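Asks: This is data14.txt (compact mmCIF, C-alpha atoms).
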# COMPACT_ATOMS: atom_id res chain seq x y z
CA MET X 100 0.00 0.00 0.00
CA GLY X 101 1.05 3.57 -0.64
CA GLU X 102 0.85 6.43 1.84
CA PHE X 103 -2.51 7.77 0.70
CA GLU X 104 -4.11 4.34 0.52
CA VAL X 105 -3.02 3.76 4.15
CA ILE X 106 -4.65 7.05 5.15
CA ARG X 107 -7.88 6.41 3.23
CA ARG X 108 -8.22 2.80 4.37
CA PHE X 109 -7.40 3.12 8.05
CA PHE X 110 -7.62 6.75 9.19
CA ASP X 111 -9.94 8.84 6.97
CA ARG X 112 -13.19 9.52 8.81
CA ALA X 113 -15.74 12.27 8.29
CA PRO X 114 -15.32 15.23 10.68
CA ASN X 115 -17.98 16.08 13.22
CA ARG X 116 -16.93 19.16 15.21
CA ALA X 117 -14.04 20.10 12.92
CA LEU X 118 -14.74 22.41 10.00
CA LEU X 119 -12.33 20.40 7.83
CA GLY X 120 -10.60 17.11 8.61
CA VAL X 121 -8.34 14.64 6.81
CA GLY X 122 -7.59 15.35 3.15
CA ASP X 123 -6.24 18.90 2.87
CA ASP X 124 -2.93 20.55 3.72
CA CYS X 125 -4.39 21.66 7.06
CA ALA X 126 -7.39 20.87 9.18
CA LEU X 127 -9.69 23.65 10.32
CA VAL X 128 -11.27 23.87 13.78
CA ARG X 129 -13.26 26.55 15.57
CA PRO X 130 -13.26 26.55 19.40
CA ASN X 131 -16.59 27.29 21.04
CA ALA X 132 -17.10 30.80 22.40
CA GLY X 133 -15.59 31.41 25.84
CA LEU X 134 -13.27 28.41 25.64
CA GLU X 135 -9.49 28.24 25.44
CA LEU X 136 -7.54 25.73 23.36
CA ALA X 137 -5.26 23.32 25.20
CA MET X 138 -2.63 21.59 23.04
CA THR X 139 -0.19 18.78 23.79
CA THR X 140 1.99 16.27 21.96
CA ASP X 141 3.57 12.94 22.84
CA MET X 142 5.78 10.51 20.96
CA LEU X 143 6.17 6.74 21.36
CA VAL X 144 9.29 5.17 19.82
CA GLU X 145 9.84 1.43 19.32
CA GLY X 146 12.59 0.16 21.58
CA ARG X 147 12.24 3.15 23.89
CA HIS X 148 8.58 3.21 24.84
CA PHE X 149 7.38 -0.16 23.55
CA LEU X 150 8.85 -3.48 22.38
CA PRO X 151 8.85 -4.51 18.70
CA ASP X 152 6.32 -7.27 19.40
CA ALA X 153 3.90 -5.01 21.33
CA ALA X 154 0.25 -5.60 20.47
CA ALA X 155 -0.80 -3.11 17.80
CA ARG X 156 -4.30 -2.59 19.20
CA SER X 157 -2.92 -1.74 22.64
CA LEU X 158 -0.43 0.65 21.04
CA GLY X 159 -3.25 2.46 19.27
CA HIS X 160 -5.04 2.85 22.60
CA LYS X 161 -1.96 3.93 24.55
CA ALA X 162 -0.70 6.42 21.96
CA LEU X 163 -3.97 8.32 22.24
CA ALA X 164 -4.42 7.75 25.98
CA VAL X 165 -1.15 9.41 26.97
CA ASN X 166 -2.19 12.56 25.13
CA LEU X 167 -5.71 12.59 26.57
CA SER X 168 -4.08 12.26 29.99
CA ASP X 169 -2.16 15.50 29.43
CA LEU X 170 -5.38 17.29 28.52
CA ALA X 171 -7.08 15.86 31.62
CA ALA X 172 -4.30 17.26 33.81
CA MET X 173 -5.20 20.75 32.57
CA GLY X 174 -8.96 20.22 32.97
CA ALA X 175 -9.47 20.27 29.20
CA ALA X 176 -12.10 18.28 27.30
CA PRO X 177 -10.46 16.44 24.36
CA ARG X 178 -11.69 17.39 20.91
CA TRP X 179 -9.23 16.81 18.03
CA VAL X 180 -6.00 14.94 17.32
CA LEU X 181 -3.33 14.81 14.62
CA LEU X 182 -1.46 11.51 14.11
CA ALA X 183 1.97 10.98 12.54
CA LEU X 184 3.24 7.43 11.94
CA GLY X 185 6.71 6.24 10.95
CA LEU X 186 6.56 2.56 9.94
CA PRO X 187 9.01 0.03 8.46
CA SER X 188 6.24 -1.15 6.11
CA ALA X 189 2.54 -0.67 5.39
CA ASP X 190 1.49 -3.84 7.20
CA ALA X 191 -2.29 -4.05 6.77
CA GLY X 192 -2.82 -6.35 9.76
CA TRP X 193 -0.81 -4.11 12.08
CA LEU X 194 -2.53 -0.97 10.80
CA GLU X 195 -5.99 -2.47 11.17
CA ALA X 196 -5.34 -3.47 14.79
CA PHE X 197 -3.63 -0.17 15.64
CA SER X 198 -6.44 1.95 14.19
CA ALA X 199 -9.06 -0.21 15.94
CA GLY X 200 -7.48 0.48 19.34
CA PHE X 201 -7.01 4.15 18.52
CA PHE X 202 -10.57 4.77 17.36
CA ALA X 203 -12.18 2.69 20.14
CA LEU X 204 -10.74 5.10 22.69
CA ALA X 205 -11.33 8.16 20.50
CA GLU X 206 -15.02 7.35 20.13
CA ARG X 207 -15.45 6.97 23.89
CA TYR X 208 -14.49 10.61 24.35
CA GLY X 209 -15.80 12.12 21.10
CA VAL X 210 -12.29 12.80 19.76
CA GLU X 211 -11.84 13.41 16.03
CA LEU X 212 -8.74 12.52 14.01
CA ILE X 213 -8.37 15.53 11.69
CA GLY X 214 -4.99 15.01 10.02
CA GLY X 215 -1.41 13.85 10.30
CA ASP X 216 1.33 12.19 8.28
CA THR X 217 2.79 8.78 7.43
CA THR X 218 6.26 7.78 6.26
CA ARG X 219 8.64 4.84 6.06
CA SER X 220 10.93 4.59 9.10
CA PRO X 221 13.42 2.00 10.42
CA LEU X 222 11.51 1.89 13.72
CA ARG X 223 7.82 2.32 14.46
CA THR X 224 7.32 5.86 15.71
CA ILE X 225 3.95 7.22 16.81
CA SER X 226 3.47 10.94 17.38
CA ILE X 227 0.19 12.62 18.30
CA VAL X 228 -0.86 16.22 18.75
CA ALA X 229 -4.04 16.56 20.79
CA LEU X 230 -6.25 19.62 21.18
CA GLY X 231 -8.89 20.21 23.84
CA GLU X 232 -11.17 22.95 25.11
CA VAL X 233 -11.31 24.40 28.61
CA PRO X 234 -13.44 27.28 29.89
CA ALA X 235 -11.47 30.52 30.14
CA GLY X 236 -9.74 31.00 33.47
CA VAL X 237 -10.21 27.53 35.00
CA ALA X 238 -7.35 25.46 33.55
CA MET X 239 -5.18 23.81 36.21
CA TYR X 240 -1.56 24.96 36.08
CA ARG X 241 1.51 23.28 37.55
CA SER X 242 2.38 26.67 39.01
CA ALA X 243 -0.84 27.04 41.03
CA ALA X 244 -0.18 24.89 44.13
CA LYS X 245 -0.65 26.81 47.37
CA ALA X 246 0.76 26.40 50.88
CA GLY X 247 -1.60 24.31 52.99
CA ASP X 248 -3.09 22.45 50.01
CA ASP X 249 -3.81 18.76 50.32
CA ILE X 250 -2.14 16.48 47.79
CA TRP X 251 -4.43 13.90 46.17
CA VAL X 252 -3.91 11.10 43.67
CA SER X 253 -6.37 9.11 41.58
CA GLY X 254 -6.39 5.33 41.26
CA GLU X 255 -3.33 3.29 42.24
CA LEU X 256 0.36 3.84 41.59
CA GLY X 257 3.17 1.48 40.69
CA GLY X 258 1.27 -1.11 38.68
CA ALA X 259 2.58 -0.08 35.26
CA ALA X 260 6.18 0.02 36.52
CA LEU X 261 5.73 -3.42 38.06
CA ALA X 262 4.42 -4.76 34.74
CA LEU X 263 7.55 -3.45 33.06
CA ARG X 264 9.80 -5.25 35.58
CA ARG X 265 7.63 -8.38 35.90
CA PRO X 266 5.76 -8.83 32.60
CA GLU X 267 4.51 -12.28 33.65
CA ILE X 268 2.12 -10.70 36.21
CA GLU X 269 -1.11 -10.41 34.21
CA GLU X 270 -2.88 -8.49 36.98
CA VAL X 271 -0.91 -5.32 36.20
CA ALA X 272 -0.14 -5.80 32.50
CA ARG X 273 -3.11 -3.75 31.32
CA ARG X 274 -2.03 -0.79 33.47
CA LEU X 275 1.10 -0.59 31.33
CA HIS X 276 -0.28 -1.43 27.91
CA GLU X 277 -3.75 0.15 28.02
CA PRO X 278 -3.74 2.97 30.61
CA GLU X 279 -7.00 4.73 31.35
CA PRO X 280 -6.81 8.52 30.85
CA ARG X 281 -8.71 10.32 33.63
CA VAL X 282 -10.61 12.58 31.25
CA GLU X 283 -13.82 12.95 33.24
CA LEU X 284 -11.93 13.49 36.49
CA GLY X 285 -9.86 16.26 34.91
CA GLU X 286 -12.97 18.11 33.79
CA ARG X 287 -14.68 17.66 37.18
CA LEU X 288 -11.65 19.03 39.05
CA ARG X 289 -12.17 22.48 37.54
CA GLY X 290 -12.80 24.85 40.42
CA LEU X 291 -11.75 22.26 43.02
CA ALA X 292 -8.06 21.65 42.30
CA HIS X 293 -5.35 24.30 42.14
CA ALA X 294 -2.51 22.42 40.39
CA ALA X 295 -2.44 19.06 38.63
CA ILE X 296 -0.19 16.84 36.54
CA ASP X 297 -0.49 13.34 35.10
CA ILE X 298 1.89 10.69 36.38
CA SER X 299 3.76 9.58 33.30
CA ASP X 300 7.35 9.54 34.58
CA GLY X 301 6.79 8.70 38.27
CA LEU X 302 5.12 10.32 41.28
CA SER X 303 8.28 11.84 42.74
CA GLY X 304 9.38 13.41 39.47
CA ASP X 305 6.00 14.59 38.23
CA LEU X 306 4.96 16.04 41.60
CA GLY X 307 8.41 17.63 41.62
CA HIS X 308 7.42 19.60 38.50
CA ILE X 309 4.51 21.12 40.42
CA LEU X 310 6.78 21.98 43.34
CA GLU X 311 9.34 23.61 41.08
CA ARG X 312 6.83 25.64 39.11
CA SER X 313 4.88 26.65 42.24
CA GLN X 314 7.98 27.21 44.40
CA VAL X 315 6.59 25.17 47.27
CA GLY X 316 7.55 22.02 49.15
CA ALA X 317 5.59 18.84 49.81
CA LEU X 318 5.30 16.17 52.48
CA LEU X 319 3.98 12.72 51.50
CA ASP X 320 3.00 9.83 53.75
CA TYR X 321 4.14 6.71 51.92
CA GLU X 322 1.64 4.40 53.61
CA ARG X 323 -1.25 6.49 52.28
CA ILE X 324 -0.22 6.12 48.65
CA PRO X 325 -2.59 3.60 47.00
CA ARG X 326 -0.94 0.68 45.20
CA PRO X 327 -2.01 -2.65 43.68
CA ARG X 328 -2.51 -5.47 46.18
CA ILE X 329 -0.12 -7.69 44.25
CA PHE X 330 2.81 -5.91 45.92
CA SER X 331 1.85 -7.49 49.25
CA SER X 332 2.12 -11.01 47.87
CA ILE X 333 5.45 -10.25 46.14
CA GLY X 334 6.93 -9.08 49.46
CA ASN X 335 9.76 -7.04 47.94
CA GLN X 336 9.62 -3.66 49.69
CA GLU X 337 12.47 -2.14 47.71
CA LEU X 338 10.79 -3.03 44.41
CA GLU X 339 7.44 -1.73 45.68
CA ARG X 340 8.88 1.59 46.84
CA ASP X 341 10.69 2.12 43.56
CA CYS X 342 7.60 1.36 41.47
CA VAL X 343 5.23 3.44 43.61
CA LEU X 344 7.43 6.52 44.05
CA SER X 345 9.54 6.53 40.88
CA GLY X 346 7.90 4.25 38.33
CA GLY X 347 6.11 5.79 35.37
CA ASP X 348 3.29 5.01 32.91
CA ASP X 349 0.44 5.06 35.45
CA TYR X 350 -1.25 8.12 33.88
CA GLU X 351 -3.16 8.84 37.07
CA LEU X 352 -3.61 12.45 38.15
CA VAL X 353 -1.86 13.97 41.16
CA PHE X 354 -3.37 17.30 42.18
CA THR X 355 -3.51 19.82 44.99
CA ALA X 356 -6.64 21.29 46.54
CA ALA X 357 -7.60 23.36 49.55
CA PRO X 358 -8.66 21.35 52.66
CA ARG X 359 -12.14 22.87 52.45
CA HIS X 360 -12.76 20.76 49.33
CA ARG X 361 -12.17 17.40 51.03
CA GLY X 362 -15.87 16.63 51.25
CA ALA X 363 -16.51 17.55 47.63
CA LEU X 364 -13.59 15.42 46.43
CA GLU X 365 -14.72 12.43 48.49
CA ALA X 366 -18.20 12.80 46.98
CA LEU X 367 -16.69 13.07 43.50
CA SER X 368 -14.72 9.88 44.11
CA GLY X 369 -17.93 8.02 44.88
CA GLU X 370 -19.76 9.52 41.93
CA LEU X 371 -17.04 8.56 39.45
CA GLY X 372 -16.35 5.18 41.03
CA LEU X 373 -12.69 6.15 41.13
CA ALA X 374 -10.49 6.17 44.23
CA LEU X 375 -9.22 9.65 45.13
CA THR X 376 -6.73 9.46 47.98
CA ARG X 377 -5.22 12.25 50.08
CA ILE X 378 -1.53 11.37 50.37
CA GLY X 379 0.13 14.51 51.77
CA SER X 380 0.25 18.27 51.85
CA ILE X 381 1.98 21.31 50.40
CA ALA X 382 4.30 22.90 52.96
CA GLY X 383 7.29 25.23 52.86
CA ASP X 384 8.62 27.62 50.25
CA GLU X 385 11.50 25.46 48.98
CA PRO X 386 10.69 23.06 46.11
CA LYS X 387 11.64 19.91 47.98
CA LEU X 388 9.75 16.63 48.33
CA LEU X 389 9.90 14.74 51.64
CA VAL X 390 8.42 11.24 51.86
CA ARG X 391 7.78 9.76 55.32
CA ASP X 392 7.51 6.06 56.22
CA ALA X 393 5.02 4.57 58.68
CA GLU X 394 7.19 5.69 61.62
CA GLY X 395 7.43 9.24 60.32
CA GLU X 396 11.05 8.85 59.19
CA PRO X 397 12.27 10.27 55.86
CA MET X 398 12.48 7.77 53.00
CA SER X 399 14.97 7.79 50.15
CA TYR X 400 13.77 7.32 46.58
CA ARG X 401 15.19 7.15 43.09
CA ARG X 402 14.60 10.06 40.76
CA SER X 403 11.91 9.39 38.20
CA TYR X 404 12.24 8.34 34.58
CA ASP X 405 14.32 10.52 32.27
CA HIS X 406 13.70 10.08 28.54
CA PHE X 407 17.42 10.50 27.78
CA ARG X 408 18.58 7.88 30.28
CA GLU X 409 18.15 4.14 30.42
CA ARG X 410 15.26 2.61 32.33
CA PRO X 411 16.29 0.86 35.58
Show the structure stored in the file as structure tokens.
Replies:
Amino acid sequence: MGEFEVIRRFFDRAPNRALLGVGDDCALVRPNAGLELAMTTDMLVEGRHFLPDAAARSLGHKALAVNLSDLAAMGAAPRWVLLALGLPSADAGWLEAFSAGFFALAERYGVELIGGDTTRSPLRTISIVALGEVPAGVAMYRSAAKAGDDIWVSGELGGAALALRRPEIEEVARRLHEPEPRVELGERLRGLAHAAIDISDGLSGDLGHILERSQVGALLDYERIPRPRIFSSIGNQELERDCVLSGGDDYELVFTAAPRHRGALEALSGELGLALTRIGSIAGDEPKLLVRDAEGEPMSYRRSYDHFRERP
């Protein structure tokens, strides 16, 4: 297949919200009145972010999910995406599975694919630009954490990192290969949360970005951090701590909110059927993260994932 046959067969769909979608030099979109555009991009590279034999359908899901997660962290509703693919060959079976995973997630959240690019490449490379809408003045910034804020996290942490280290454990495999972007949570946090970020590179590192941008410190209670039950049966505390504090690919949201919103956040947790757990607080004016163990003693932790260094 040639480039344009690949596009027509697997990725060309009629636009809904967009004024103009796939087929021209540019797509055209018009944000609704009173809304701001949020834009993000993420790249997945074979051998760096996924193995050569990774399931194509799961890759289609994950490539989109990691971008929707960024929009969720800003409180933006996802609307449109651009997709660029570098592939060794136009493998129809791979493309069919990849596009099926991609569009299954896109349809859940009303996201339109409005353009992109394809080319031959030695390694599979997947790059997405995602655009969302957020009401003016309510986006959650990394720089907005305030002294005295509670620190909350959604879901559980460490499962995806455990799946990377122990791929035979099926219980956590889906957390790595098909993460769930917290789109609805991000939108519902508008007006409740001050600062937020998605956990892609590890709790310690991603929360550290909030601390740096907000010029505040944080205190976390390790025992409060939710984690998969499988860690208890493994019984390796060093592995658990590293996965929970420094492992990436969870794509949960960590956010800060004033203590007066505790009741509203607990109610939201029940309404969404999603665990929201208070794990610490913002304290001090130096961007430093302190993690305490069950006895209140400081814990050491590895710095989180760096895209220019090797994984542990």
Asks: Pick from X:Glu394, X:Asp248, X:Glu370, X:Glu255: nearest to Ile298 (chain X), with all atoms listed in the file counted?
Replies: X:Glu255
Asks: Got a sec to check which residues sit within 7 Å of (2.5, 10.4, 37.5), counting all atoms listed in the file, and write them as a list in words?
Replies: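 Protein, DNA and RNA residues close to (2.5, 10.4, 37.5): Asp297, Ile298, Ser299, Asp300, Gly301, Leu302, Asp305, Gly347, Asp349, Tyr350, Glu351, Leu352 and Val353 of chain X.
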Asks: Kindly provide the residues of region 173-261 of chain X that approach region 330-344 of chain X to within 7 Å, each paired with its closest atom pair and their distance in Å to one decimal, based on all atoms listed in the file, listed by chain and increasing number, as CSV.
Replies:
residue,atom,partner,partner_atom,distance
X:Leu256,CA,X:Val343,CA,5.3
X:Gly257,CA,X:Val343,CA,4.1
X:Ala260,CA,X:Cys342,CA,5.3
X:Leu261,CA,X:Cys342,CA,6.2
Asks: Would you pick out the contacts of Glu102 (chain X) at 8 Å or less, using only C-alpha atoms, so that residues sharing its chain but fewer than 3 positions from it are not included, and give the list as a list in words?
Replies: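 Near neighbours after the sequence-gap exclusion: Val105, Ile106, Thr217 and Thr218 of chain X.
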Asks: CA of Trp179 (chain X) and CA of Val228 (chain X), how far apart in Å?
Replies: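 The value is 8.4 Å.
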Asks: Taking all atoms listed in the file into account, which of X:Pro327, X:Ala272, X:Ala246, X:Arg156 comes nearest Glu385 (chain X)?
Replies: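 Using all atoms listed in the file, the shortest distance to Glu385 (chain X) belongs to X:Ala246.
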Asks: Between X:Leu367, X:Ala189, X:Ala126, X:Leu167, which has the minimum distance to Pro280 (chain X) (counting all atoms listed in the file)?
Replies: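 When distances to Pro280 (chain X) are compared using all atoms listed in the file, the smallest one comes from X:Leu167.
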Asks: Write out as an NGL selection string the residues lying within 10 Å of Pro325 (chain X), counting only C-alpha atoms and excluding same-chain residues fewer than 2 positions away.
Replies: :X and (252-257 or 321-323 or 327-328 or 343 or 374-378)
Asks: Mind checking which residues fall within 7 Å of Ser168 (chain X), counting only C-alpha atoms, ignoring those fewer than 2 positions away in the same chain, and posting them as a list of chain:residue names?
Replies: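 The contact residues come out as X:Ala164, X:Val165, X:Asn166, X:Leu170, X:Ala171, X:Ala172, X:Pro280, X:Arg281, X:Val282, X:Asp297, X:Tyr350.
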Asks: Hey, which of X:Asp348, X:Arg219, X:Arg129, X:Val144 ends up closest to Ser188 (chain X)? Count all atoms listed in the file.
Replies: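 Going through X:Asp348, X:Arg219, X:Arg129, X:Val144 one by one, the smallest distance to Ser188 (chain X) is for X:Arg219.
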Asks: Determine the nearest neighbour of Tyr208 (chain X) from the options X:His160, X:Arg178, X:Arg391, X:His293, counting all atoms listed in the file.
Replies: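 Result for the nearest residue to Tyr208 (chain X): X:Arg178.
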Asks: Rounded to one decimal, what separation in Å do you get between CA of Ala294 (chain X) and CA of Glu135 (chain X)?
Replies: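 Separation of CA of Ala294 (chain X) and CA of Glu135 (chain X): 17.5 Å.
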Asks: Kindly give the distance, in Å, that separates CA of Ala154 (chain X) and CA of Ala229 (chain X), rounded to a single decimal.
Replies: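 Interatomic distance here is 22.6 Å.
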Asks: Which residue gives the smallest distance to Pro386 (chain X) among X:Ala366, X:Ile227, X:Ile309, X:Leu136, with all atoms listed in the file counted?
Replies: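 Looking at the shortest contact to Pro386 (chain X), the residue is X:Ile309.
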Asks: What lies within 6 Å of Gly215 (chain X) using only C-alpha atoms, ignoring chain neighbours under 6 positions off, as an MDAnalysis selection string?
Replies: chainID X and resid 181:183
Asks: Please provide as a ChimeraX atom specification all residues within 9 Å of Leu291 (chain X), with the sequence filter that same-chain residues fewer than 4 positions apart are discarded (counting all atoms listed in the file).
Replies: /X:287,355-357,360,363-364
Asks: If we draw a sphere of 6 Å around (-1.2, 19.9, 51.3), which residues have at least one atom in it when counting only C-alpha atoms? Please report them as a list of chain:residue names.
Replies: X:Gly247, X:Asp248, X:Asp249, X:Ile250, X:Gly379, X:Ser380, X:Ile381
Asks: Taking the block above, write region 141-156 of chain X with C-alpha atoms as an mmCIF file, in the first residue's frame.
Replies:
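Contents of part.cif, freshly written:
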data_model
loop_
_atom_site.group_PDB
_atom_site.id
_atom_site.type_symbol
_atom_site.label_atom_id
_atom_site.label_comp_id
_atom_site.auth_asym_id
_atom_site.auth_seq_id
_atom_site.Cartn_x
_atom_site.Cartn_y
_atom_site.Cartn_z
ATOM 1 C CA ASP X 141 3.571 12.939 22.845
ATOM 2 C CA MET X 142 5.779 10.508 20.957
ATOM 3 C CA LEU X 143 6.174 6.743 21.355
ATOM 4 C CA VAL X 144 9.294 5.169 19.819
ATOM 5 C CA GLU X 145 9.845 1.434 19.320
ATOM 6 C CA GLY X 146 12.595 0.164 21.578
ATOM 7 C CA ARG X 147 12.240 3.154 23.893
ATOM 8 C CA HIS X 148 8.576 3.208 24.842
ATOM 9 C CA PHE X 149 7.384 -0.164 23.554
ATOM 10 C CA LEU X 150 8.847 -3.477 22.380
ATOM 11 C CA PRO X 151 8.854 -4.508 18.700
ATOM 12 C CA ASP X 152 6.318 -7.272 19.403
ATOM 13 C CA ALA X 153 3.904 -5.013 21.333
ATOM 14 C CA ALA X 154 0.245 -5.601 20.468
ATOM 15 C CA ALA X 155 -0.796 -3.107 17.805
ATOM 16 C CA ARG X 156 -4.304 -2.586 19.197
#
